[in-house]
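K.L.:
Just upload_18.cif, nothing more (mmCIF, C-alpha atoms):
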```cif
data_entry
#
loop_
_atom_site.label_atom_id
_atom_site.label_comp_id
_atom_site.auth_asym_id
_atom_site.auth_seq_id
_atom_site.Cartn_x
_atom_site.Cartn_y
_atom_site.Cartn_z
CA MET A 29 0.00 0.00 0.00
CA ARG A 30 1.25 3.43 -0.91
CA PHE A 31 1.21 6.57 1.20
CA THR A 32 3.49 9.48 1.98
CA LEU A 33 5.55 9.12 5.12
CA ASN A 34 7.35 12.18 6.41
CA GLY A 35 7.38 13.72 2.96
CA ARG A 36 8.63 10.65 1.11
CA ALA A 37 6.72 8.09 -0.94
CA ALA A 38 6.34 4.87 1.00
CA SER A 39 5.11 1.46 -0.07
CA VAL A 40 4.44 -0.94 2.77
CA ARG A 41 2.89 -4.39 2.92
CA ALA A 42 0.82 -5.01 6.06
CA HIS A 43 -2.61 -6.24 7.12
CA PRO A 44 -5.23 -3.53 6.37
CA MET A 45 -6.47 -3.66 9.96
CA LYS A 46 -3.03 -3.50 11.54
CA ARG A 47 -2.84 -0.41 13.72
CA LEU A 48 -1.00 2.50 12.09
CA LEU A 49 1.01 2.64 15.33
CA ASP A 50 2.35 -0.89 14.79
CA VAL A 51 3.00 -0.37 11.09
CA LEU A 52 5.07 2.72 11.89
CA ARG A 53 7.05 1.01 14.64
CA GLU A 54 7.45 -2.45 13.10
CA GLU A 55 7.30 -2.18 9.30
CA CYS A 56 8.73 1.35 9.06
CA ALA A 57 11.13 1.10 12.04
CA LEU A 58 10.04 4.52 13.30
CA THR A 59 9.91 4.02 17.05
CA GLY A 60 9.47 7.69 17.96
CA THR A 61 5.71 7.09 18.07
CA LYS A 62 4.91 5.69 21.53
CA GLU A 63 2.09 3.49 22.73
CA GLY A 64 0.49 4.64 25.95
CA CYS A 65 -3.02 3.53 26.80
CA GLY A 66 -4.16 1.83 23.59
CA GLU A 67 -7.62 3.35 23.92
CA GLY A 68 -7.35 6.86 22.50
CA GLU A 69 -7.21 8.52 25.91
CA CYS A 70 -3.56 9.54 26.33
CA GLY A 71 -2.44 10.84 22.93
CA ALA A 72 1.09 9.41 23.27
CA CYS A 73 0.76 7.78 19.83
CA THR A 74 -0.38 11.00 18.10
CA VAL A 75 0.75 11.36 14.50
CA LEU A 76 -0.62 13.56 11.72
CA VAL A 77 -2.69 12.14 8.87
CA ASP A 78 -3.23 14.79 6.19
CA ARG A 79 -2.32 17.45 8.77
CA GLU A 80 -4.89 16.27 11.32
CA PRO A 81 -3.79 14.77 14.64
CA VAL A 82 -4.92 11.18 15.17
CA CYS A 83 -4.25 8.45 17.71
CA ALA A 84 -2.21 5.94 15.71
CA CYS A 85 -3.46 3.16 18.02
CA LEU A 86 -6.99 3.67 16.68
CA VAL A 87 -6.28 3.99 12.96
CA PRO A 88 -6.38 0.95 10.66
CA PHE A 89 -3.48 0.93 8.23
CA ALA A 90 -6.02 0.80 5.37
CA HIS A 91 -7.14 4.32 6.28
CA VAL A 92 -3.84 5.97 5.37
CA ARG A 93 -3.89 4.76 1.77
CA GLY A 94 -2.72 7.73 -0.31
CA ALA A 95 -2.53 9.97 2.77
CA ARG A 96 0.32 12.07 4.11
CA VAL A 97 1.50 10.72 7.45
CA THR A 98 3.84 12.74 9.66
CA THR A 99 5.61 11.26 12.69
CA ILE A 100 7.99 12.92 15.12
CA GLU A 101 10.88 11.74 12.92
CA GLY A 102 9.42 13.90 10.15
CA LEU A 103 10.26 17.05 12.14
CA ARG A 104 13.95 15.99 11.94
CA GLY A 105 14.82 17.45 15.33
CA LYS A 106 14.74 20.94 13.86
CA HIS A 107 11.22 22.13 14.56
CA PRO A 108 10.97 25.16 16.90
CA LEU A 109 8.67 23.08 19.13
CA GLN A 110 11.45 20.54 19.60
CA ARG A 111 13.90 23.30 20.48
CA PHE A 112 11.57 24.96 23.00
CA PHE A 113 10.54 21.66 24.60
CA VAL A 114 14.24 21.26 25.41
CA THR A 115 14.94 24.78 26.63
CA GLU A 116 11.70 25.15 28.61
CA GLY A 117 11.84 21.74 30.25
CA GLY A 118 8.79 20.57 28.32
CA ALA A 119 10.00 16.96 28.36
CA GLN A 120 10.37 15.00 31.58
CA CYS A 121 10.06 11.22 31.18
CA GLY A 122 9.54 11.84 27.47
CA ILE A 123 6.81 9.31 26.69
CA CYS A 124 4.19 11.97 25.91
CA THR A 125 6.63 14.28 24.12
CA PRO A 126 6.38 13.10 20.49
CA GLY A 127 2.58 13.13 20.67
CA MET A 128 2.51 16.51 22.41
CA ILE A 129 4.78 18.05 19.79
CA LEU A 130 2.78 16.69 16.86
CA ALA A 131 -0.54 17.80 18.38
CA ALA A 132 0.99 21.24 19.01
CA SER A 133 2.42 21.44 15.49
CA VAL A 134 -1.01 21.97 13.92
CA LEU A 135 -1.90 24.92 16.16
CA ARG A 136 -1.85 28.33 14.58
CA GLN A 137 0.92 30.81 15.09
CA GLY A 138 0.19 33.16 17.97
CA ALA A 139 -2.14 30.65 19.65
CA SER A 140 -3.47 31.80 23.02
CA LEU A 141 -2.99 29.77 26.19
CA GLU A 142 -6.63 28.67 25.85
CA ASP A 143 -6.02 27.52 22.27
CA VAL A 144 -2.96 25.59 23.39
CA ARG A 145 -4.84 23.93 26.25
CA ALA A 146 -7.68 22.93 23.93
CA GLY A 147 -5.26 21.77 21.24
CA LEU A 148 -3.38 19.58 23.72
CA ALA A 149 -6.47 18.38 25.60
CA GLY A 150 -6.08 14.96 24.00
CA ASN A 151 -2.53 14.48 25.29
CA LEU A 152 -1.81 13.39 28.84
CA CYS A 153 1.52 13.96 30.59
CA ARG A 154 1.93 11.43 33.37
CA CYS A 155 4.68 13.59 34.89
CA THR A 156 2.04 16.37 35.00
CA GLY A 157 4.46 18.84 33.43
CA TYR A 158 1.76 20.78 31.66
CA GLU A 159 2.89 24.30 32.55
CA ALA A 160 6.29 23.78 30.94
CA ILE A 161 4.66 22.11 27.94
CA TYR A 162 2.28 25.03 27.44
CA ARG A 163 5.13 27.51 27.88
CA ALA A 164 7.31 25.70 25.33
CA THR A 165 4.42 25.49 22.88
CA ARG A 166 3.51 29.16 23.20
CA LYS A 167 7.11 30.24 22.70
CA ALA A 168 7.44 28.04 19.63
CA LEU A 169 4.21 29.43 18.18
CA ALA A 170 4.87 33.05 19.10
CA LYS A 171 4.54 35.48 16.23
CA PRO A 172 7.86 36.99 15.26
CA ARG A 173 8.07 40.46 16.86
CA LYS A 174 8.08 43.38 14.49
CA ARG A 175 11.41 45.07 14.55
CA ALA A 176 11.36 48.62 15.92
CA ARG A 177 12.42 51.19 13.41
CA MET B 3 -5.28 -9.20 25.27
CA ARG B 4 -5.38 -7.40 21.95
CA THR B 5 -7.16 -9.21 19.13
CA ALA B 6 -4.68 -10.53 16.54
CA VAL B 7 -5.33 -8.70 13.26
CA SER B 8 -4.48 -11.86 11.32
CA SER B 9 -7.86 -13.24 12.49
CA LEU B 10 -9.74 -10.26 11.00
CA ASP B 11 -10.97 -9.31 7.56
CA LEU B 12 -11.68 -5.85 6.19
CA VAL B 13 -13.98 -5.69 3.18
CA ALA B 14 -13.61 -2.53 1.09
CA PRO B 15 -16.70 -1.52 -0.93
CA ARG B 16 -16.33 0.56 -4.10
CA SER B 17 -19.51 2.57 -3.52
CA LEU B 18 -22.49 2.90 -1.19
CA ARG B 19 -24.45 0.62 -3.49
CA ASP B 20 -21.69 -1.94 -3.29
CA ALA B 21 -21.57 -1.59 0.52
CA LEU B 22 -25.32 -2.23 0.78
CA ALA B 23 -25.05 -5.29 -1.48
CA LEU B 24 -22.25 -6.66 0.70
CA LEU B 25 -24.38 -6.12 3.83
CA ARG B 26 -27.35 -7.81 2.17
CA ASP B 27 -25.24 -10.87 1.39
CA GLU B 28 -23.55 -10.89 4.80
CA PRO B 29 -25.61 -9.09 7.47
CA GLY B 30 -23.02 -9.99 10.13
CA LEU B 31 -20.46 -7.63 8.60
CA VAL B 32 -19.77 -4.82 11.06
CA PRO B 33 -19.47 -1.33 9.52
CA LEU B 34 -16.29 0.47 10.46
CA ALA B 35 -15.53 4.19 10.05
CA GLY B 36 -13.60 6.38 12.53
CA CYS B 37 -12.66 3.35 14.67
CA THR B 38 -12.59 5.40 17.87
CA ASP B 39 -14.84 2.82 19.53
CA LEU B 40 -14.06 -0.35 17.53
CA TYR B 41 -10.29 -0.09 17.87
CA VAL B 42 -10.57 0.43 21.61
CA ALA B 43 -12.53 -2.83 21.69
CA MET B 44 -9.88 -4.47 19.50
CA ASN B 45 -7.05 -3.27 21.70
CA PHE B 46 -8.78 -4.92 24.66
CA GLY B 47 -9.67 -8.15 22.83
CA LYS B 48 -13.39 -7.37 22.89
CA LEU B 49 -14.23 -6.98 19.22
CA PRO B 50 -17.83 -7.89 18.42
CA ALA B 51 -16.95 -9.50 15.08
CA ARG B 52 -14.22 -10.82 12.82
CA ARG B 53 -15.34 -9.33 9.53
CA PHE B 54 -15.72 -5.61 8.93
CA LEU B 55 -17.03 -3.34 6.20
CA ASP B 56 -14.79 -0.33 5.62
CA LEU B 57 -16.88 2.80 5.06
CA ALA B 58 -13.94 5.21 5.00
CA SER B 59 -13.84 5.54 1.22
CA LEU B 60 -17.55 6.49 0.88
CA GLU B 61 -16.77 10.20 0.51
CA PRO B 62 -20.35 11.36 -0.24
CA LEU B 63 -21.35 10.29 3.29
CA ARG B 64 -18.98 12.90 4.76
CA ARG B 65 -21.07 15.85 3.63
CA ILE B 66 -22.85 18.31 5.88
CA SER B 67 -25.54 20.16 3.93
CA ALA B 68 -28.91 21.85 4.15
CA ARG B 69 -32.11 20.81 2.43
CA GLY B 70 -34.56 23.62 3.05
CA GLU B 71 -35.05 23.81 6.81
CA THR B 72 -33.39 20.43 7.34
CA LEU B 73 -29.74 20.05 8.31
CA VAL B 74 -28.36 16.86 6.76
CA LEU B 75 -25.36 15.33 8.47
CA GLY B 76 -23.74 12.57 6.41
CA ALA B 77 -23.06 9.55 8.62
CA LEU B 78 -19.32 9.96 8.10
CA ALA B 79 -19.22 13.62 9.15
CA THR B 80 -16.50 13.80 11.80
CA TYR B 81 -16.72 15.87 14.97
CA ALA B 82 -13.93 18.05 13.55
CA ALA B 83 -16.04 18.67 10.42
CA ILE B 84 -19.05 19.47 12.60
CA LEU B 85 -16.92 21.98 14.53
CA ARG B 86 -15.77 23.61 11.28
CA SER B 87 -19.23 23.75 9.72
CA PRO B 88 -20.86 27.21 9.49
CA LEU B 89 -24.21 25.43 8.91
CA VAL B 90 -23.97 23.59 12.22
CA ALA B 91 -22.80 26.75 14.01
CA LYS B 92 -25.84 28.60 12.74
CA ARG B 93 -28.58 25.97 12.99
CA LEU B 94 -27.52 23.54 15.66
CA PRO B 95 -24.91 25.16 17.92
CA MET B 96 -25.62 22.63 20.67
CA LEU B 97 -24.24 19.93 18.36
CA ALA B 98 -21.00 21.88 17.98
CA ALA B 99 -20.93 22.26 21.77
CA ALA B 100 -21.30 18.48 22.12
CA ALA B 101 -18.62 17.76 19.49
CA ARG B 102 -16.20 20.03 21.34
CA THR B 103 -16.49 17.88 24.49
CA ILE B 104 -15.80 14.58 22.74
CA GLY B 105 -12.30 13.23 23.40
CA GLY B 106 -9.60 15.62 22.22
CA PRO B 107 -8.59 16.80 18.72
CA GLN B 108 -7.32 13.29 17.86
CA ILE B 109 -10.73 11.72 18.50
CA GLN B 110 -12.63 14.61 16.94
CA SER B 111 -10.67 14.22 13.70
CA ARG B 112 -11.74 10.56 13.31
CA GLY B 113 -14.97 9.91 15.19
CA THR B 114 -18.17 10.25 13.17
CA ILE B 115 -21.76 11.21 13.97
CA GLY B 116 -23.03 7.99 12.38
CA GLY B 117 -20.65 6.04 14.60
CA ASN B 118 -21.91 7.81 17.71
CA VAL B 119 -25.47 6.82 16.80
CA GLY B 120 -24.52 3.31 15.65
CA ASN B 121 -22.37 2.51 18.66
CA ALA B 122 -25.56 2.98 20.69
CA SER B 123 -23.88 3.82 23.98
CA PRO B 124 -26.25 5.50 26.46
CA ALA B 125 -23.35 7.90 27.11
CA GLY B 126 -22.99 9.00 23.45
CA ASP B 127 -22.49 12.76 23.71
CA THR B 128 -24.33 13.79 20.56
CA LEU B 129 -27.38 11.65 21.30
CA PRO B 130 -29.18 14.04 23.69
CA VAL B 131 -28.71 16.79 21.08
CA LEU B 132 -30.22 14.60 18.37
CA ALA B 133 -33.04 13.41 20.64
CA ALA B 134 -33.90 16.94 21.77
CA SER B 135 -33.92 18.22 18.19
CA ASP B 136 -36.23 15.48 16.82
CA ALA B 137 -33.48 14.20 14.53
CA ILE B 138 -34.19 11.40 12.07
CA VAL B 139 -31.85 8.48 11.43
CA VAL B 140 -31.71 7.59 7.73
CA LEU B 141 -31.14 3.87 7.22
CA ALA B 142 -30.36 2.43 3.79
CA SER B 143 -30.48 -1.16 2.58
CA ALA B 144 -30.31 -2.96 -0.75
CA ARG B 145 -33.75 -4.44 -0.03
CA ASP B 146 -35.78 -1.37 0.95
CA GLY B 147 -33.83 1.64 -0.21
CA GLU B 148 -34.08 4.26 2.54
CA ARG B 149 -36.24 4.37 5.64
CA ARG B 150 -36.37 7.10 8.27
CA VAL B 151 -36.57 6.50 12.00
CA PRO B 152 -36.83 9.24 14.64
CA LEU B 153 -33.80 9.09 16.95
CA THR B 154 -36.16 8.84 19.91
CA GLU B 155 -37.55 5.58 18.45
CA TYR B 156 -34.23 4.26 17.17
CA TYR B 157 -33.04 2.56 20.37
CA THR B 158 -34.92 -0.41 21.73
CA GLY B 159 -32.79 -1.04 24.82
CA TYR B 160 -29.23 -1.00 26.11
CA ARG B 161 -26.99 -0.92 23.02
CA ALA B 162 -29.89 -2.21 20.94
CA SER B 163 -31.58 -0.49 18.02
CA VAL B 164 -34.05 -1.03 15.19
CA ARG B 165 -31.22 -1.22 12.63
CA ARG B 166 -31.22 -4.54 10.79
CA GLY B 167 -27.92 -6.24 9.96
CA ASP B 168 -28.35 -5.43 6.27
CA GLU B 169 -28.90 -1.72 6.94
CA LEU B 170 -26.44 1.12 7.10
CA ILE B 171 -26.85 4.48 8.80
CA VAL B 172 -26.26 6.91 5.92
CA ALA B 173 -27.33 10.26 7.39
CA ILE B 174 -28.88 12.11 10.28
CA GLU B 175 -31.50 14.72 9.38
CA VAL B 176 -32.20 17.50 11.83
CA PRO B 177 -35.23 19.77 11.43
CA ARG B 178 -35.02 23.41 12.48
CA VAL B 179 -34.84 23.89 16.24
CA ALA B 180 -36.64 26.99 17.46
CA GLY B 181 -35.40 29.01 20.39
CA LYS B 182 -32.30 28.99 22.50
CA GLN B 183 -30.16 25.84 22.55
CA TRP B 184 -28.28 24.56 25.57
CA PHE B 185 -25.77 21.73 26.12
CA ARG B 186 -23.85 20.57 29.13
CA LYS B 187 -21.71 17.52 29.77
CA VAL B 188 -20.48 16.55 33.22
CA GLY B 189 -17.43 14.30 33.28
CA THR B 190 -14.29 13.78 35.32
CA ARG B 191 -12.37 16.33 33.27
CA ALA B 192 -13.19 18.68 30.42
CA ALA B 193 -11.61 16.56 27.67
CA GLN B 194 -11.11 12.83 27.19
CA ALA B 195 -13.88 11.87 29.58
CA ILE B 196 -16.94 9.72 29.09
CA SER B 197 -19.93 11.56 30.47
CA LYS B 198 -21.33 10.95 33.94
CA ILE B 199 -24.35 12.81 32.67
CA VAL B 200 -25.01 14.80 29.53
CA VAL B 201 -27.94 17.10 28.79
CA ALA B 202 -29.19 19.00 25.74
CA GLY B 203 -32.18 21.29 25.58
CA ALA B 204 -33.88 24.08 23.70
CA ARG B 205 -36.34 26.69 24.83
CA GLY B 206 -38.71 28.53 22.54
CA ARG B 207 -39.98 32.06 23.09
CA ASP B 208 -43.39 30.67 23.94
CA GLY B 209 -41.87 28.65 26.79
CA ALA B 210 -41.94 25.38 24.87
CA ALA B 211 -39.07 23.20 26.06
CA ARG B 212 -37.17 20.28 24.61
CA LEU B 213 -34.95 18.28 26.91
CA ALA B 214 -32.95 15.06 26.52
CA LEU B 215 -30.40 13.37 28.75
CA GLY B 216 -27.66 10.75 28.35
CA SER B 217 -26.08 8.38 30.88
CA VAL B 218 -29.25 8.31 32.98
CA GLY B 219 -30.80 5.11 31.60
CA PRO B 220 -30.21 2.23 29.16
CA THR B 221 -30.77 4.59 26.22
CA VAL B 222 -30.83 8.33 25.68
CA VAL B 223 -33.92 9.81 27.37
CA ARG B 224 -36.21 12.45 25.89
CA ALA B 225 -37.86 13.95 28.99
CA ARG B 226 -41.29 14.72 27.53
CA ARG B 227 -43.19 14.92 30.81
CA THR B 228 -40.63 17.36 32.19
CA GLU B 229 -40.96 19.40 28.99
CA ALA B 230 -44.74 19.52 29.44
CA ALA B 231 -44.37 20.57 33.07
CA LEU B 232 -41.96 23.38 32.13
CA ALA B 233 -44.23 24.57 29.33
CA ALA B 234 -47.15 24.64 31.78
CA GLY B 235 -45.16 26.93 34.06
CA ALA B 236 -44.00 24.46 36.70
CA SER B 237 -41.52 25.74 39.28
CA ALA B 238 -37.95 24.47 39.19
CA ASP B 239 -38.67 22.14 42.11
CA GLU B 240 -41.81 20.75 40.51
CA ALA B 241 -40.02 20.18 37.19
CA ARG B 242 -37.17 18.51 39.03
CA ALA B 243 -39.57 16.06 40.66
CA VAL B 244 -41.04 15.18 37.28
CA LEU B 245 -37.57 14.68 35.78
CA GLU B 246 -36.70 12.29 38.62
CA SER B 247 -39.57 10.06 37.53
CA GLU B 248 -38.38 10.05 33.92
CA ILE B 249 -34.80 8.90 34.40
CA ALA B 250 -33.37 5.62 35.67
CA PRO B 251 -29.67 6.14 36.37
CA ILE B 252 -27.46 3.34 37.67
CA ASP B 253 -24.21 2.99 39.62
CA ASP B 254 -21.29 2.21 37.30
CA ASP B 255 -17.55 2.83 36.81
CA ARG B 256 -18.02 6.50 36.19
CA SER B 257 -20.61 7.62 38.72
CA THR B 258 -23.48 6.65 40.99
CA ALA B 259 -27.23 6.70 40.53
CA SER B 260 -27.76 9.20 43.35
CA TYR B 261 -25.10 11.61 42.00
CA ARG B 262 -26.64 11.44 38.52
CA ARG B 263 -30.13 12.00 39.86
CA ARG B 264 -29.05 15.04 41.81
CA VAL B 265 -26.94 16.53 39.02
CA ALA B 266 -29.71 15.93 36.47
CA GLY B 267 -31.95 18.12 38.62
CA ASN B 268 -29.23 20.75 39.00
CA LEU B 269 -28.65 20.82 35.24
CA LEU B 270 -32.37 21.15 34.62
CA ALA B 271 -32.46 24.21 36.88
CA ARG B 272 -29.38 25.61 35.13
CA PHE B 273 -30.87 24.99 31.68
CA TRP B 274 -34.03 26.84 32.63
CA SER B 275 -32.29 29.83 34.16
CA ASP B 276 -29.63 30.07 31.40
CA THR B 277 -32.25 30.12 28.65
CA LYS B 278 -34.60 32.59 30.31
CA GLY B 279 -35.59 35.75 28.45
CA ARG B 280 -34.69 37.12 25.04
#
```
Could you show the structure in this file as structure tokens?
P.N.:
Amino acid sequence: MRFTLNGRAASVRAHPMKRLLDVLREECALTGTKEGCGEGECGACTVLVDREPVCACLVPFAHVRGARVTTIEGLRGKHPLQRFFVTEGGAQCGICTPGMILAASVLRQGASLEDVRAGLAGNLCRCTGYEAIYRATRKALAKPRKRAR
Amino acid sequence: MRTAVSSLDLVAPRSLRDALALLRDEPGLVPLAGCTDLYVAMNFGKLPARRFLDLASLEPLRRISARGETLVLGALATYAAILRSPLVAKRLPMLAAAARTIGGPQIQSRGTIGGNVGNASPAGDTLPVLAASDAIVVLASARDGERRVPLTEYYTGYRASVRRGDELIVAIEVPRVAGKQWFRKVGTRAAQAISKIVVAGARGRDGAARLALGSVGPTVVRARRTEAALAAGASADEARAVLESEIAPIDDDRSTASYRRRVAGNLLARFWSDTKGR
């Protein structure tokens, strides 16, 4: 089956009902996507399908046919969110981090704290480090300041 | 333990017509769309079937449109699509309010309105909205074409409905709802929680009320006697007593019968005071 994985054409053979999570980790060897609860509650396995966040533990592989899938590896360690999660202490144990960053990556620039909280409502941090996560996200999404003349 | 996918089959129809023919020939096929309920069951080894019908490619069923006064929600309309829809925002804001409380963005992007109806959970968050607004479930089959069933007559008991195995939910039709709409879900937290109790209502200028509740009985409850009492000018306490006789909450993992009974009455009072005037 063909789809686009992190910007590159991919062709993978797997059972159509295999969870996208398992296809990514096993067939594609991309282990950045974590399994948490397996019931769509924790958001640890969040990836993007056609720019929308999904829980990869609830998506049949058949449903990404022809779609664009983005995992944490697709951000190549260079995304501003990744930088600010490091500098603001947004990652503690790290299990929720890939999912948090992908869910945050679809929020608009200049998102308010309320927007960020709503956008990350589907991601649980078992270390309860939400304040640092929100801070990192808001800094990464901050609009560039206009330079004073 | 998780169900092994090697024991499962996914049948992919080419069109709605094809899907209905497949269901006619094999009524045990279980329709599958957003998978936000089915894959939870699979991950816990509790799948209801081994063979599934994949609806995901039936694009026409994703549409949200208007037909005169009627809002037509394709069965595959996701909660995210409902939240983005100007039609829903204008005509049925309480449905948008319900969609906003379902899971988080990851669930909203996949879960569908048809799935919420078809899954038949008494805690389904859109069901009180659909019951209060006299929504119609459109069922299609190869044998009969389409038939229309009011949501309030769709469920026959706990997780049971009038849908035959050869039928597919293709749309939900919602007539115009007059007056001010109101929705409230009470759960453990704002997102990612299954409701302890969920209420939707509307209040017309003439005092006519519509009220429906979830998680207070084996199916969604349209509280018609309470509506009649409110319309006749009953006090909040009187209406509350009537509502108590219309619901049958139980103790379960999420809450207790006595909590639900009390909060149902509180929400009724809140609904009536929030929608007063204008």
K.L.:
Each residue of chain A with at least one atom at most 8 Å from chain B should appear once, together with its nearest atom pair and the corresponding distance in Å (one decimal); atoms considered: only C-alpha atoms; ordering: chain, then increasing residue number; output as JSON lines.
P.N.:
```
{"residue": "A:His43", "atom": "CA", "partner": "B:Val7", "partner_atom": "CA", "distance": 7.2}
{"residue": "A:Pro44", "atom": "CA", "partner": "B:Leu12", "partner_atom": "CA", "distance": 6.9}
{"residue": "A:Met45", "atom": "CA", "partner": "B:Val7", "partner_atom": "CA", "distance": 6.1}
{"residue": "A:Lys46", "atom": "CA", "partner": "B:Val7", "partner_atom": "CA", "distance": 5.9}
{"residue": "A:Gly66", "atom": "CA", "partner": "B:Asn45", "partner_atom": "CA", "distance": 6.2}
{"residue": "A:Glu67", "atom": "CA", "partner": "B:Val42", "partner_atom": "CA", "distance": 4.8}
{"residue": "A:Gly68", "atom": "CA", "partner": "B:Thr38", "partner_atom": "CA", "distance": 7.1}
{"residue": "A:Glu69", "atom": "CA", "partner": "B:Gln194", "partner_atom": "CA", "distance": 6.0}
{"residue": "A:Gly71", "atom": "CA", "partner": "B:Gln108", "partner_atom": "CA", "distance": 7.5}
{"residue": "A:Thr74", "atom": "CA", "partner": "B:Gln108", "partner_atom": "CA", "distance": 7.3}
{"residue": "A:Glu80", "atom": "CA", "partner": "B:Ser111", "partner_atom": "CA", "distance": 6.6}
{"residue": "A:Pro81", "atom": "CA", "partner": "B:Gln108", "partner_atom": "CA", "distance": 5.0}
{"residue": "A:Val82", "atom": "CA", "partner": "B:Gln108", "partner_atom": "CA", "distance": 4.2}
{"residue": "A:Cys83", "atom": "CA", "partner": "B:Gln108", "partner_atom": "CA", "distance": 5.7}
{"residue": "A:Cys85", "atom": "CA", "partner": "B:Tyr41", "partner_atom": "CA", "distance": 7.6}
{"residue": "A:Leu86", "atom": "CA", "partner": "B:Tyr41", "partner_atom": "CA", "distance": 5.1}
{"residue": "A:Val87", "atom": "CA", "partner": "B:Cys37", "partner_atom": "CA", "distance": 6.6}
{"residue": "A:Pro88", "atom": "CA", "partner": "B:Cys37", "partner_atom": "CA", "distance": 7.8}
{"residue": "A:His91", "atom": "CA", "partner": "B:Ala58", "partner_atom": "CA", "distance": 7.0}
{"residue": "A:Ala146", "atom": "CA", "partner": "B:Gly106", "partner_atom": "CA", "distance": 7.7}
{"residue": "A:Gly147", "atom": "CA", "partner": "B:Pro107", "partner_atom": "CA", "distance": 6.5}
{"residue": "A:Leu148", "atom": "CA", "partner": "B:Gly106", "partner_atom": "CA", "distance": 7.5}
{"residue": "A:Ala149", "atom": "CA", "partner": "B:Gly106", "partner_atom": "CA", "distance": 5.4}
{"residue": "A:Gly150", "atom": "CA", "partner": "B:Gly106", "partner_atom": "CA", "distance": 4.0}
{"residue": "A:Asn151", "atom": "CA", "partner": "B:Gly106", "partner_atom": "CA", "distance": 7.8}
```
K.L.:
Run the PyMOL selection byres ((chain B and resi 92-94) around 9) mentally over the shown coordinates, then write out the matched residues as a tab-separated table (two decimals) with C-alpha atoms, in the frame of the given file, using the chain letters and numbers from the document.
P.N.:
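After the write, expr-v5.tsv holds the following:
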```tsv
chain	number	residue	atom	x	y	z
B	73	LEU	CA	-29.74	20.05	8.31
B	87	SER	CA	-19.23	23.75	9.72
B	88	PRO	CA	-20.86	27.21	9.49
B	89	LEU	CA	-24.21	25.43	8.91
B	90	VAL	CA	-23.97	23.59	12.22
B	91	ALA	CA	-22.80	26.75	14.01
B	95	PRO	CA	-24.91	25.16	17.92
B	96	MET	CA	-25.62	22.63	20.67
B	97	LEU	CA	-24.24	19.93	18.36
B	98	ALA	CA	-21.00	21.88	17.98
B	131	VAL	CA	-28.71	16.79	21.08
B	135	SER	CA	-33.92	18.22	18.19
B	176	VAL	CA	-32.20	17.50	11.83
B	178	ARG	CA	-35.02	23.41	12.48
B	179	VAL	CA	-34.84	23.89	16.24
B	183	GLN	CA	-30.16	25.84	22.55
```
K.L.:
Extract, using all atoms listed in the file, all DNA, RNA and protein residues at most 7 Å from Thr165 (chain A), discarding same-chain residues fewer than 3 positions from it, and format them as a list of chain:residue names.
P.N.:
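Skipping anything fewer than 3 positions along the chain leaves A:Leu109, A:Ala132, A:Ile161, A:Tyr162, A:Ala168, A:Leu169.
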K.L.:
Return as a ChimeraX atom specification the set of residues that the PyMOL selection byres ((chain A and resi 118) around 7) yields on the displayed structure.
P.N.:
/A:113-114,116-117,119-120,157,160-161,164
K.L.:
Please indicate the distance in Å from CA of Lys182 (chain B) to CA of Thr277 (chain B), rounded to one decimal place.
P.N.:
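That distance, rounded to one decimal, is 6.3 Å.
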K.L.:
Apply the PyMOL selection byres ((chain B and resi 270) around 9) to the file shown and report the selected residues as a PyMOL selection string.
P.N.:
chain B and resi 201+213+238+241-242+245+265-269+271-275
K.L.:
Since we have the selection now, will you write its residues out, keeping C-alpha atoms, as a CSV table (one decimal), keeping the file's coordinate frame?
P.N.:
```
chain,number,residue,atom,x,y,z
B,201,VAL,CA,-27.9,17.1,28.8
B,213,LEU,CA,-35.0,18.3,26.9
B,238,ALA,CA,-38.0,24.5,39.2
B,241,ALA,CA,-40.0,20.2,37.2
B,242,ARG,CA,-37.2,18.5,39.0
B,245,LEU,CA,-37.6,14.7,35.8
B,265,VAL,CA,-26.9,16.5,39.0
B,266,ALA,CA,-29.7,15.9,36.5
B,267,GLY,CA,-32.0,18.1,38.6
B,268,ASN,CA,-29.2,20.8,39.0
B,269,LEU,CA,-28.6,20.8,35.2
B,271,ALA,CA,-32.5,24.2,36.9
B,272,ARG,CA,-29.4,25.6,35.1
B,273,PHE,CA,-30.9,25.0,31.7
B,274,TRP,CA,-34.0,26.8,32.6
B,275,SER,CA,-32.3,29.8,34.2
```
K.L.:
What's the separation between CA of Phe185 (chain B) and CA of Thr128 (chain B), in Å to one decimal place?
P.N.:
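Atom-to-atom, CA of Phe185 (chain B) to CA of Thr128 (chain B), that is 9.8 Å.
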K.L.:
Calculate how many Å separate CA of Pro29 (chain B) from CA of Arg52 (chain B), rounding to one decimal.
P.N.:
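Between these atoms lies a distance of 12.7 Å.
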K.L.:
Calculated over all atoms listed in the file, which of the candidates B:Ala204, B:Ala100, B:Leu55, B:Leu49 has the smallest distance to Asp168 (chain B)?
P.N.:
B:Leu55
K.L.:
Using all atoms listed in the file, which of the listed residues (A:Gly138, A:Gly122, A:Pro172, A:Gly102) sits closest to Gly64 (chain A)?
P.N.:
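The shortest atom-to-atom distance to Gly64 (chain A) comes from A:Gly122.
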K.L.:
My list of candidates is B:Leu170, B:Val223, B:Pro124, B:Ala259. Which is closest to Glu148 (chain B) when distances are computed with all atoms listed in the file?
P.N.:
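Result for the nearest residue to Glu148 (chain B): B:Leu170.
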K.L.:
Name all residues at most 7 Å from region 62-68 of chain B (count only C-alpha atoms; drop same-chain ones fewer than 3 positions away) and give them as number ranges by chain.
P.N.:
B: 71-79, 172
